[in-house]
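Coordinates from target03.pdb are shown below (PDB, C-alpha atoms and all ligand atoms).
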ATOM      1  CA  SER Q   1      50.013  -8.209-112.995
ATOM      2  CA  ARG Q   2      53.627  -7.179-112.818
ATOM      3  CA  ILE Q   3      56.250  -9.893-113.068
ATOM      4  CA  PRO Q   4      58.829  -8.940-110.439
ATOM      5  CA  TYR Q   5      61.881  -9.846-112.437
ATOM      6  CA  ARG Q   6      64.017  -7.693-114.654
ATOM      7  CA  THR Q   7      64.781  -9.565-117.859
ATOM      8  CA  LEU Q   8      67.824  -9.029-120.054
ATOM      9  CA  SER Q   9      67.869  -8.140-123.741
ATOM     10  CA  GLY Q  10      70.348  -8.179-126.589
ATOM     11  CA  THR Q  11      71.583  -4.761-125.570
ATOM     12  CA  SER Q  12      72.002  -5.471-121.851
ATOM     13  CA  ARG Q  13      75.522  -4.926-120.604
ATOM     14  CA  LEU Q  14      77.116  -7.973-119.026
ATOM     15  CA  ALA Q  15      79.895  -8.269-116.481
ATOM     16  CA  GLY Q  16      80.893 -10.545-113.637
ATOM     17  CA  VAL Q  17      83.598 -11.844-111.370
ATOM     18  CA  MET Q  18      85.862 -14.738-112.308
ATOM     19  CA  GLY Q  19      87.489 -16.753-109.573
ATOM     20  CA  TRP Q  20      87.873 -20.206-108.083
ATOM     21  CA  PRO Q  21      86.065 -20.424-105.772
ATOM     22  CA  VAL Q  22      83.862 -17.407-106.328
ATOM     23  CA  SER Q  23      80.796 -18.230-104.241
ATOM     24  CA  HIS Q  24      82.076 -16.174-101.300
ATOM     25  CA  SER Q  25      82.536 -13.050-103.426
ATOM     26  CA  LYS Q  26      80.511 -10.026-102.416
ATOM     27  CA  SER Q  27      80.968  -8.425-105.848
ATOM     28  CA  PRO Q  28      77.701  -9.722-107.421
ATOM     29  CA  ARG Q  29      75.731  -8.303-104.494
ATOM     30  CA  LEU Q  30      77.607  -5.022-104.681
ATOM     31  CA  HIS Q  31      77.258  -4.527-108.434
ATOM     32  CA  GLY Q  32      73.673  -5.826-108.329
ATOM     33  CA  TYR Q  33      72.814  -3.125-105.794
ATOM     34  CA  TRP Q  34      74.249  -0.397-108.008
ATOM     35  CA  LEU Q  35      72.568  -1.773-111.162
ATOM     36  CA  ALA Q  36      69.193  -1.603-109.391
ATOM     37  CA  LYS Q  37      69.906   1.768-107.781
ATOM     38  CA  TYR Q  38      70.792   3.421-111.084
ATOM     39  CA  GLY Q  39      68.211   1.482-113.138
ATOM     40  CA  ILE Q  40      70.814   0.106-115.509
ATOM     41  CA  ASP Q  41      69.981  -2.519-118.133
ATOM     42  CA  GLY Q  42      72.693  -4.975-117.215
ATOM     43  CA  SER Q  43      73.785  -7.922-115.133
ATOM     44  CA  TYR Q  44      76.806  -8.871-113.043
ATOM     45  CA  MET Q  45      77.294 -12.543-112.283
ATOM     46  CA  PRO Q  46      79.570 -14.895-110.396
ATOM     47  CA  LEU Q  47      81.715 -16.826-112.874
ATOM     48  CA  PRO Q  48      83.361 -19.880-111.298
ATOM     49  CA  VAL Q  49      86.287 -20.711-113.574
ATOM     50  CA  GLU Q  50      88.942 -23.283-112.787
ATOM     51  CA  PRO Q  51      92.440 -21.841-113.175
ATOM     52  CA  LYS Q  52      93.208 -24.256-116.043
ATOM     53  CA  ASN Q  53      90.274 -22.801-118.003
ATOM     54  CA  PHE Q  54      91.059 -19.187-117.249
ATOM     55  CA  GLN Q  55      92.450 -18.169-120.654
ATOM     56  CA  ASP Q  56      89.657 -19.867-122.593
ATOM     57  CA  ALA Q  57      87.032 -18.358-120.321
ATOM     58  CA  LEU Q  58      88.415 -14.853-120.741
ATOM     59  CA  LYS Q  59      88.364 -15.171-124.544
ATOM     60  CA  SER Q  60      84.865 -16.634-124.430
ATOM     61  CA  LEU Q  61      83.522 -13.800-122.314
ATOM     62  CA  ARG Q  62      84.960 -11.325-124.773
ATOM     63  CA  ASN Q  63      83.416 -13.253-127.681
ATOM     64  CA  LEU Q  64      80.086 -13.372-125.856
ATOM     65  CA  GLY Q  65      80.055  -9.595-125.770
ATOM     66  CA  PHE Q  66      80.748  -9.038-122.083
ATOM     67  CA  SER Q  67      81.736  -5.500-121.171
ATOM     68  CA  GLY Q  68      84.295  -6.743-118.691
ATOM     69  CA  VAL Q  69      85.031  -8.799-115.610
ATOM     70  CA  ASN Q  70      86.624  -8.607-112.225
ATOM     71  CA  VAL Q  71      89.253 -11.214-111.563
ATOM     72  CA  THR Q  72      89.911 -12.599-108.114
ATOM     73  CA  ILE Q  73      92.092 -15.197-106.374
ATOM     74  CA  PRO Q  74      93.961 -17.069-107.812
ATOM     75  CA  GLN Q  75      93.654 -15.439-111.228
ATOM     76  CA  LYS Q  76      94.820 -11.892-110.592
ATOM     77  CA  GLU Q  77      98.356 -12.686-111.723
ATOM     78  CA  MET Q  78      97.199 -15.013-114.515
ATOM     79  CA  ALA Q  79      95.271 -12.163-116.101
ATOM     80  CA  MET Q  80      98.360  -9.996-116.693
ATOM     81  CA  PRO Q  81      99.748 -11.754-119.793
ATOM     82  CA  GLU Q  82      96.242 -12.088-121.281
ATOM     83  CA  CYS Q  83      95.800  -8.337-121.489
ATOM     84  CA  ASP Q  84      96.681  -6.384-124.639
ATOM     85  CA  GLU Q  85      97.160  -3.267-122.560
ATOM     86  CA  LEU Q  86      97.856  -2.730-118.865
ATOM     87  CA  SER Q  87      97.269   0.405-116.849
ATOM     88  CA  ASP Q  88     100.354   1.848-115.220
ATOM     89  CA  ARG Q  89      99.074   0.888-111.764
ATOM     90  CA  ALA Q  90      98.302  -2.707-112.830
ATOM     91  CA  ARG Q  91     101.841  -3.062-114.139
ATOM     92  CA  ARG Q  92     103.320  -1.674-110.949
ATOM     93  CA  ILE Q  93     101.081  -3.723-108.662
ATOM     94  CA  GLY Q  94     101.807  -6.805-110.756
ATOM     95  CA  ALA Q  95      98.218  -8.030-110.855
ATOM     96  CA  VAL Q  96      94.942  -7.320-112.635
ATOM     97  CA  ASN Q  97      91.570  -7.207-110.886
ATOM     98  CA  THR Q  98      89.533  -5.348-113.500
ATOM     99  CA  VAL Q  99      89.364  -6.390-117.164
ATOM    100  CA  THR Q 100      87.546  -4.381-119.813
ATOM    101  CA  PHE Q 101      86.799  -5.713-123.303
ATOM    102  CA  ALA Q 102      87.183  -2.757-125.633
ATOM    103  CA  LYS Q 103      84.933  -2.352-128.694
ATOM    104  CA  ASP Q 104      87.869  -3.207-130.973
ATOM    105  CA  GLY Q 105      88.370  -6.536-129.168
ATOM    106  CA  ARG Q 106      91.354  -5.461-127.136
ATOM    107  CA  VAL Q 107      91.620  -6.693-123.566
ATOM    108  CA  LEU Q 108      92.461  -3.918-121.096
ATOM    109  CA  GLY Q 109      93.789  -4.748-117.621
ATOM    110  CA  ASP Q 110      93.655  -2.499-114.590
ATOM    111  CA  ASN Q 111      94.193  -2.896-110.855
ATOM    112  CA  THR Q 112      91.897  -0.830-108.658
ATOM    113  CA  ASP Q 113      92.855  -2.209-105.227
ATOM    114  CA  GLY Q 114      95.145   0.694-104.363
ATOM    115  CA  PHE Q 115      92.557   3.166-105.632
ATOM    116  CA  GLY Q 116      89.971   1.493-103.392
ATOM    117  CA  PHE Q 117      92.304   1.673-100.416
ATOM    118  CA  ILE Q 118      92.939   5.424-100.817
ATOM    119  CA  GLU Q 119      89.354   6.340-101.717
ATOM    120  CA  ASN Q 120      88.121   4.551 -98.608
ATOM    121  CA  LEU Q 121      90.461   6.591 -96.388
ATOM    122  CA  ARG Q 122      89.468   9.798 -98.196
ATOM    123  CA  GLN Q 123      85.772   9.130 -97.699
ATOM    124  CA  GLU Q 124      85.885   7.784 -94.143
ATOM    125  CA  ALA Q 125      88.592  10.070 -92.727
ATOM    126  CA  PRO Q 126      88.470  13.179 -94.937
ATOM    127  CA  ASP Q 127      90.083  15.456 -92.338
ATOM    128  CA  ILE Q 128      93.094  13.286 -91.699
ATOM    129  CA  ASP Q 129      96.296  13.960 -93.567
ATOM    130  CA  PHE Q 130      98.230  10.729 -93.245
ATOM    131  CA  ALA Q 131     101.030  11.734 -95.606
ATOM    132  CA  PRO Q 132     103.303  13.808 -93.329
ATOM    133  CA  GLY Q 133     104.561  10.970 -91.117
ATOM    134  CA  PRO Q 134     105.761   7.485 -91.891
ATOM    135  CA  ALA Q 135     103.204   4.798 -92.710
ATOM    136  CA  VAL Q 136     103.641   1.383 -91.118
ATOM    137  CA  VAL Q 137     102.414  -1.394 -93.405
ATOM    138  CA  LEU Q 138     102.069  -4.908 -92.012
ATOM    139  CA  GLY Q 139     102.360  -7.693 -94.588
ATOM    140  CA  ALA Q 140     104.131  -8.184 -97.908
ATOM    141  CA  GLY Q 141     101.627 -10.049-100.087
ATOM    142  CA  GLY Q 142      99.546  -8.904-103.029
ATOM    143  CA  ALA Q 143      97.349  -6.622-100.941
ATOM    144  CA  SER Q 144     100.399  -4.980 -99.399
ATOM    145  CA  ARG Q 145     101.800  -4.277-102.823
ATOM    146  CA  ALA Q 146      98.652  -2.477-103.960
ATOM    147  CA  VAL Q 147      98.631  -0.419-100.752
ATOM    148  CA  LEU Q 148     102.325   0.485-101.114
ATOM    149  CA  VAL Q 149     101.961   1.648-104.706
ATOM    150  CA  ALA Q 150      98.896   3.725-103.790
ATOM    151  CA  LEU Q 151     100.614   5.350-100.789
ATOM    152  CA  LEU Q 152     103.691   6.208-102.852
ATOM    153  CA  ASP Q 153     101.429   7.842-105.436
ATOM    154  CA  GLU Q 154      99.791   9.830-102.618
ATOM    155  CA  GLY Q 155     103.156  11.378-101.877
ATOM    156  CA  ILE Q 156     103.773   9.648 -98.569
ATOM    157  CA  LEU Q 157     107.193  10.542 -97.156
ATOM    158  CA  GLU Q 158     108.186   7.156 -95.763
ATOM    159  CA  ILE Q 159     106.784   3.627 -95.575
ATOM    160  CA  ARG Q 160     107.944   0.958 -93.144
ATOM    161  CA  ILE Q 161     107.064  -2.610 -94.123
ATOM    162  CA  ALA Q 162     107.072  -5.362 -91.513
ATOM    163  CA  ASN Q 163     106.448  -8.973 -92.486
ATOM    164  CA  ARG Q 164     106.757 -12.332 -90.714
ATOM    165  CA  THR Q 165     108.871 -13.623 -93.588
ATOM    166  CA  ARG Q 166     111.479 -10.898 -93.795
ATOM    167  CA  LYS Q 167     112.723 -11.974 -97.223
ATOM    168  CA  ARG Q 168     109.328 -11.366 -98.774
ATOM    169  CA  ALA Q 169     109.353  -7.779 -97.543
ATOM    170  CA  ASP Q 170     112.950  -7.311 -98.745
ATOM    171  CA  ASP Q 171     112.048  -8.672-102.185
ATOM    172  CA  LEU Q 172     108.953  -6.501-102.412
ATOM    173  CA  ALA Q 173     110.882  -3.373-101.426
ATOM    174  CA  ALA Q 174     113.629  -4.201-103.931
ATOM    175  CA  GLU Q 175     111.097  -4.729-106.666
ATOM    176  CA  ILE Q 176     109.190  -1.495-106.067
ATOM    177  CA  ASN Q 177     112.561   0.176-105.678
ATOM    178  CA  ASP Q 178     111.564   3.460-104.090
ATOM    179  CA  PRO Q 179     113.879   5.031-101.497
ATOM    180  CA  ARG Q 180     110.879   5.908 -99.328
ATOM    181  CA  ILE Q 181     110.301   2.221 -98.512
ATOM    182  CA  LYS Q 182     112.163   0.688 -95.577
ATOM    183  CA  VAL Q 183     111.855  -2.844 -94.241
ATOM    184  CA  VAL Q 184     111.588  -3.072 -90.460
ATOM    185  CA  ASN Q 185     111.358  -5.942 -87.962
ATOM    186  CA  TRP Q 186     108.410  -8.227 -87.375
ATOM    187  CA  PRO Q 187     107.182  -8.204 -84.665
ATOM    188  CA  LEU Q 188     107.241  -4.421 -84.668
ATOM    189  CA  ASP Q 189     109.760  -2.467 -82.669
ATOM    190  CA  PRO Q 190     107.767   0.188 -80.701
ATOM    191  CA  ALA Q 191     110.166   2.822 -82.066
ATOM    192  CA  ASP Q 192     108.776   2.186 -85.551
ATOM    193  CA  LEU Q 193     105.316   3.282 -84.355
ATOM    194  CA  ALA Q 194     106.444   6.273 -82.282
ATOM    195  CA  ASP Q 195     106.259   8.841 -85.104
ATOM    196  CA  ALA Q 196     103.877   7.054 -87.503
ATOM    197  CA  SER Q 197     100.850   8.809 -88.996
ATOM    198  CA  LEU Q 198      99.278   5.695 -90.541
ATOM    199  CA  VAL Q 199      99.151   1.991 -89.629
ATOM    200  CA  VAL Q 200      97.767  -0.515 -92.129
ATOM    201  CA  ASN Q 201      97.241  -4.247 -91.655
ATOM    202  CA  THR Q 202      97.383  -6.020 -95.023
ATOM    203  CA  THR Q 203      97.908  -9.494 -93.565
ATOM    204  CA  SER Q 204      95.112 -11.996 -93.084
ATOM    205  CA  LEU Q 205      95.686 -11.931 -89.333
ATOM    206  CA  GLY Q 206      92.575 -10.946 -87.414
ATOM    207  CA  MET Q 207      90.209 -12.331 -90.037
ATOM    208  CA  VAL Q 208      87.629 -14.873 -88.819
ATOM    209  CA  GLY Q 209      89.277 -18.275 -88.634
ATOM    210  CA  GLN Q 210      92.784 -16.774 -88.719
ATOM    211  CA  PRO Q 211      95.145 -16.147 -85.811
ATOM    212  CA  LYS Q 212      95.006 -12.839 -83.980
ATOM    213  CA  LEU Q 213      97.277  -9.988 -85.000
ATOM    214  CA  GLU Q 214      99.557  -9.500 -81.991
ATOM    215  CA  ILE Q 215     100.483  -5.852 -81.850
ATOM    216  CA  ASP Q 216     100.817  -3.264 -79.104
ATOM    217  CA  LEU Q 217      99.987   0.248 -80.257
ATOM    218  CA  GLU Q 218     101.456   1.864 -77.155
ATOM    219  CA  GLY Q 219     103.562   4.814 -78.212
ATOM    220  CA  LEU Q 220     101.672   5.387 -81.467
ATOM    221  CA  PRO Q 221     100.655   9.070 -81.725
ATOM    222  CA  LYS Q 222      96.940   9.468 -80.940
ATOM    223  CA  THR Q 223      96.482  11.308 -84.221
ATOM    224  CA  ALA Q 224      97.659   8.356 -86.327
ATOM    225  CA  LEU Q 225      95.060   6.743 -88.555
ATOM    226  CA  VAL Q 226      94.719   2.975 -88.147
ATOM    227  CA  THR Q 227      93.159   0.857 -90.866
ATOM    228  CA  ASP Q 228      92.750  -2.816 -91.664
ATOM    229  CA  ILE Q 229      92.034  -4.434 -94.995
ATOM    230  CA  VAL Q 230      90.339  -7.292 -93.137
ATOM    231  CA  TYR Q 231      86.579  -6.618 -92.968
ATOM    232  CA  VAL Q 232      85.288  -9.859 -91.434
ATOM    233  CA  PRO Q 233      84.909  -8.924 -88.635
ATOM    234  CA  LEU Q 234      84.358  -5.274 -89.441
ATOM    235  CA  ILE Q 235      86.063  -4.167 -86.225
ATOM    236  CA  THR Q 236      89.181  -6.296 -85.889
ATOM    237  CA  ASP Q 237      91.180  -6.492 -82.666
ATOM    238  CA  LEU Q 238      93.632  -4.021 -84.216
ATOM    239  CA  LEU Q 239      90.871  -1.474 -84.854
ATOM    240  CA  ALA Q 240      89.297  -2.075 -81.437
ATOM    241  CA  GLN Q 241      92.631  -1.445 -79.732
ATOM    242  CA  ALA Q 242      93.206   1.731 -81.770
ATOM    243  CA  LYS Q 243      89.682   3.003 -81.135
ATOM    244  CA  LYS Q 244      89.986   2.381 -77.406
ATOM    245  CA  ARG Q 245      93.081   4.562 -77.134
ATOM    246  CA  GLY Q 246      91.465   7.308 -79.207
ATOM    247  CA  ASN Q 247      93.025   6.876 -82.633
ATOM    248  CA  PRO Q 248      90.903   7.469 -85.723
ATOM    249  CA  VAL Q 249      90.117   4.135 -87.425
ATOM    250  CA  VAL Q 250      88.803   3.069 -90.834
ATOM    251  CA  ASP Q 251      87.568  -0.474 -91.435
ATOM    252  CA  GLY Q 252      88.334  -2.502 -94.549
ATOM    253  CA  LEU Q 253      84.882  -2.854 -96.071
ATOM    254  CA  GLY Q 254      85.102   0.447 -97.914
ATOM    255  CA  MET Q 255      88.211  -0.675 -99.795
ATOM    256  CA  LEU Q 256      86.200  -3.528-101.316
ATOM    257  CA  LEU Q 257      83.369  -1.170-102.250
ATOM    258  CA  HIS Q 258      85.565   1.555-103.721
ATOM    259  CA  GLN Q 259      87.784  -0.822-105.716
ATOM    260  CA  ALA Q 260      84.655  -1.876-107.616
ATOM    261  CA  ARG Q 261      83.846   1.655-108.820
ATOM    262  CA  PRO Q 262      86.214   1.982-111.806
ATOM    263  CA  GLY Q 263      84.965  -1.299-113.328
ATOM    264  CA  PHE Q 264      81.319  -0.399-112.802
ATOM    265  CA  HIS Q 265      81.963   3.018-114.313
ATOM    266  CA  ARG Q 266      83.609   1.590-117.429
ATOM    267  CA  TRP Q 267      81.141  -1.237-118.004
ATOM    268  CA  PHE Q 268      77.879   0.438-117.036
ATOM    269  CA  GLY Q 269      78.616   4.153-117.556
ATOM    270  CA  ILE Q 270      78.136   5.569-114.055
ATOM    271  CA  ASP Q 271      80.670   6.177-111.273
ATOM    272  CA  PRO Q 272      78.597   4.721-108.433
ATOM    273  CA  GLU Q 273      78.347   6.010-104.894
ATOM    274  CA  VAL Q 274      79.511   4.206-101.763
ATOM    275  CA  THR Q 275      76.922   4.891 -99.056
ATOM    276  CA  PRO Q 276      76.150   3.593 -95.544
ATOM    277  CA  GLU Q 277      73.123   1.805 -97.030
ATOM    278  CA  LEU Q 278      75.354  -0.024 -99.516
ATOM    279  CA  ARG Q 279      77.679  -1.084 -96.691
ATOM    280  CA  GLU Q 280      74.725  -2.539 -94.830
ATOM    281  CA  PHE Q 281      73.362  -4.270 -97.926
ATOM    282  CA  VAL Q 282      76.694  -5.904 -98.756
ATOM    283  CA  LEU Q 283      77.101  -7.126 -95.182
ATOM    284  CA  SER Q 284      73.582  -8.486 -94.795
ATOM    285  CA  PRO Q 285      73.104 -12.166 -95.621
ATOM    286  CA  ASP Q 286      71.607 -12.924 -99.056
TER
HETATM  287  P1  LIG P 301      97.345 -11.223-100.096
HETATM  288  O1  LIG P 301      97.565 -11.342-101.563
HETATM  289  O2  LIG P 301      95.912 -11.177 -99.699
HETATM  290  O3  LIG P 301      98.125 -10.102 -99.503
HETATM  291  P2  LIG P 301      99.260 -13.276 -99.359
HETATM  292  O4  LIG P 301     100.098 -12.956-100.523
HETATM  293  O5  LIG P 301      98.994 -14.696 -99.024
HETATM  294  O6  LIG P 301      97.829 -12.614 -99.460
HETATM  295  O7  LIG P 301      99.882 -12.530 -98.083
HETATM  296  C1  LIG P 301      99.422 -12.769 -96.805
HETATM  297  C2  LIG P 301     100.161 -11.876 -95.831
HETATM  298  O8  LIG P 301      99.710 -12.207 -94.509
HETATM  299  C3  LIG P 301     101.666 -12.086 -95.833
HETATM  300  O9  LIG P 301     102.292 -10.877 -95.486
HETATM  301  C4  LIG P 301     101.844 -13.137 -94.741
HETATM  302  O10 LIG P 301     103.120 -13.180 -94.163
HETATM  303  P3  LIG P 301     104.238 -14.163 -94.779
HETATM  304  O11 LIG P 301     104.780 -13.483 -95.994
HETATM  305  O12 LIG P 301     105.242 -14.306 -93.691
HETATM  306  O13 LIG P 301     103.547 -15.464 -95.104
HETATM  307  C5  LIG P 301     100.838 -12.658 -93.743
HETATM  308  N1  LIG P 301     100.430 -13.718 -92.820
HETATM  309  C6  LIG P 301      99.533 -14.702 -93.054
HETATM  310  N2  LIG P 301      99.421 -15.511 -91.980
HETATM  311  C7  LIG P 301     100.293 -15.035 -91.050
HETATM  312  C8  LIG P 301     100.650 -15.408 -89.711
HETATM  313  N3  LIG P 301     100.086 -16.482 -89.124
HETATM  314  N4  LIG P 301     101.567 -14.661 -89.065
HETATM  315  C9  LIG P 301     102.133 -13.593 -89.647
HETATM  316  N5  LIG P 301     101.831 -13.177 -90.894
HETATM  317  C10 LIG P 301     100.932 -13.883 -91.591
END
Output the file's structure in the form of C-alpha cells.
Ligand code: ATR
Amino acid sequence: SRIPYRTLSGTSRLAGVMGWPVSHSKSPRLHGYWLAKYGIDGSYMPLPVEPKNFQDALKSLRNLGFSGVNVTIPQKEMAMPECDELSDRARRIGAVNTVTFAKDGRVLGDNTDGFGFIENLRQEAPDIDFAPGPAVVLGAGGASRAVLVALLDEGILEIRIANRTRKRADDLAAEINDPRIKVVNWPLDPADLADASLVVNTTSLGMVGQPKLEIDLEGLPKTALVTDIVYVPLITDLLAQAKKRGNPVVDGLGMLLHQARPGFHRWFGIDPEVTPELREFVLSPD
C-alpha cells in the first residue's frame, strides 16, 4: 500500500522561514502548497531562531546546503550586514526578507515586500492606473518604506505620508530623499484625500487585537484605489468603508502571497501562481 508521505532525499531542495516567534507565519503553508502543486522535491520549514543566534543559524543553514530562507520579524534588519550582496531594492528598503545561498557560498539578500505590494495591485485591480494622482500612505514603519520604494519605482507622481509620530515620517522622507514624497498631518486633512488616486494603510491599525483606524474617506474620488496591508481581518474597516462608497479595494493577503514568489522561484525553480484557491488554503486553519 502507498505510504502517504513524501520523503526527502539528498538532492531535495530545502528552504524555510527564520523568525522569533515564527509559529504564526503563513509562509510554510504557502510554500508547502506550491511545492505540492508543482510536484517539487523540496521542503520549506518554520525555523524558530532567537535573535542572539541569528548569525550562527544563517551560517549553519548555508553549511547544511539550504537553498535559502525568508527572514521575518525581528531579523529583517539583522540580515542586512550578513549578506555578501544586496539587491538594489533591499538596500533602499533597508531590510532583507529573502536570502539565497549561492552555489559559491555567497549570501544574497533581497527584499520582495514592495514587489509583493505592487504585484497584488496589478493582479487584483489590473484596470486601475493609480499612478496619475497622489498616493496617500498611512504609516512610517518598515512596511511603509517598502511600499514607498515600490510606488516610486512605479513612477507615481506624488506620495503623501501621514504618521502618528510625525518625526518618523519626516526621517523616512529625508532618508528616501525623493522630491515626490511629502509628509502631511496625522490625522489626515480631508484636502489630502481630495485628489488622491491611491490610499494605502501600512499601519497595524485595524488588525485583530489592534485599535481601529479612524479615517473618514469623504471627499476621496470614487475612482481611487484603497488597499490595506492588514489581512486579518481580510476586509478591514478601512476597506469596508471604501467598498461601501464605491471605491475599488484590494485586501492585503495578496501582498503576502506575491512577496513569496521571488524566493520560491530562486530556490525551487518555478515562478508560482497566486490563485483564489491558494488564498483560501492559506486562510484555512491547519
Ligand atoms: P512595520 O514594520 O510592520 O511597518 P512598525 O515599524 O512597528 O511596523 O510600524 C508600525 C506603524 O503603525 C507605524 O507607522 C506606527 O505609528 P508610529 O510611528 O507613530 O508608532 C503605526 N501605529 C501603530 N499603532 C498605532 C496607533 N495606535 N495609532 C497610530 N499609529 C499606529
query = How would you write, as a ChimeraX atom specification, the residues chosen by the PyMOL selection byres (((chain Q and resi 266) around 10) and not hetatm) on this structure?
reply = /Q:67-68,98-102,261-265,267-271
message = Which residues are close to Q:Gly133, i.e. within 10 Å by all atoms listed in the file, leaving aside same-chain residues fewer than 2 positions away? Reply as a list in words.
response =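 Once the adjacent positions are removed, what remains is Asp129, Phe130, Ala131, Ala135, Val136, Ile156, Leu157, Glu158, Ile159, Asp195, Ala196, Ser197, Leu198 and Ala224 of chain Q.
Taking all atoms listed in the file into account, the polymer residues that have an atom no farther than 10 Å from (113.0, -2.5, -91.8) are Ile159, Arg160, Ile161, Ala162, Asn163, Arg166, Ala169, Asp170, Ala173, Ile181, Lys182, Val183, Val184, Asn185, Trp186, Leu188, Asp189 and Asp192 of chain Q.
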task = Can you give me, as a VMD selection string, the residues this file yields under the PyMOL selection byres (((chain Q and resi 150) around 9) and not hetatm)?
result = chain Q and resid 89 113 to 115 117 to 118 145 to 149 151 to 155
inquiry  = Given all atoms listed in the file as the basis, pick out the residue of Q:Leu238, Q:Leu14, Q:Ala140, Q:Leu253 nearest to ligand LIG 301 (chain P).
reply    =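 For ligand LIG 301 (chain P), the nearest of the candidates is Q:Ala140.
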Among listed residues Q:Glu77, Q:Glu119, Q:Asp88, Q:Asp127, nearest ligand LIG 301 (chain P) (using all atoms listed in the file) =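 Between Q:Glu77, Q:Glu119, Q:Asp88, Q:Asp127, the residue approaching ligand LIG 301 (chain P) most closely is Q:Glu77.
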message = Please return as a ChimeraX atom specification the residues found within 7 Å of ligand LIG 301 (chain P), counting only C-alpha atoms and all ligand atoms.
response = /Q:138-144,163-165,168,202-205,211
query = How would you write, as a ChimeraX atom specification, the residues chosen by the PyMOL selection byres (((chain Q and resi 123) around 12) and not hetatm) on this structure?
reply = /Q:116-122,124-128,250-251,254-255,257-258,273-276
query = With distances taken over all atoms listed in the file, which of Q:Ile229, Q:Glu218, Q:Arg106, Q:Arg91 is nearest to Q:Arg245?
reply =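 Of the candidates, the smallest distance to Q:Arg245 is held by Q:Glu218.
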Dump C-alpha atoms of stretch 15-33 of chain Q from the given block, as a short mmCIF file (atom, residue, chain, number, x, y, z; two decimals), in the first residue's frame.
data_model
loop_
_atom_site.label_atom_id
_atom_site.label_comp_id
_atom_site.auth_asym_id
_atom_site.auth_seq_id
_atom_site.Cartn_x
_atom_site.Cartn_y
_atom_site.Cartn_z
CA ALA Q 15 14.22 26.39 2.47
CA GLY Q 16 12.31 27.92 5.34
CA VAL Q 17 11.41 30.98 7.33
CA MET Q 18 13.52 32.27 10.21
CA GLY Q 19 11.90 34.38 12.87
CA TRP Q 20 11.18 34.67 16.57
CA PRO Q 21 8.42 33.76 17.05
CA VAL Q 22 7.68 32.04 13.77
CA SER Q 23 4.75 29.78 14.66
CA HIS Q 24 2.23 32.32 13.36
CA SER Q 25 3.90 32.54 9.95
CA LYS Q 26 1.79 31.52 6.98
CA SER Q 27 4.88 31.02 4.80
CA PRO Q 28 5.31 27.25 5.42
CA ARG Q 29 1.69 26.67 4.40
CA LEU Q 30 2.08 28.89 1.36
CA HIS Q 31 5.32 27.35 0.11
CA GLY Q 32 4.09 23.86 1.03
CA TYR Q 33 1.06 24.39 -1.20
#
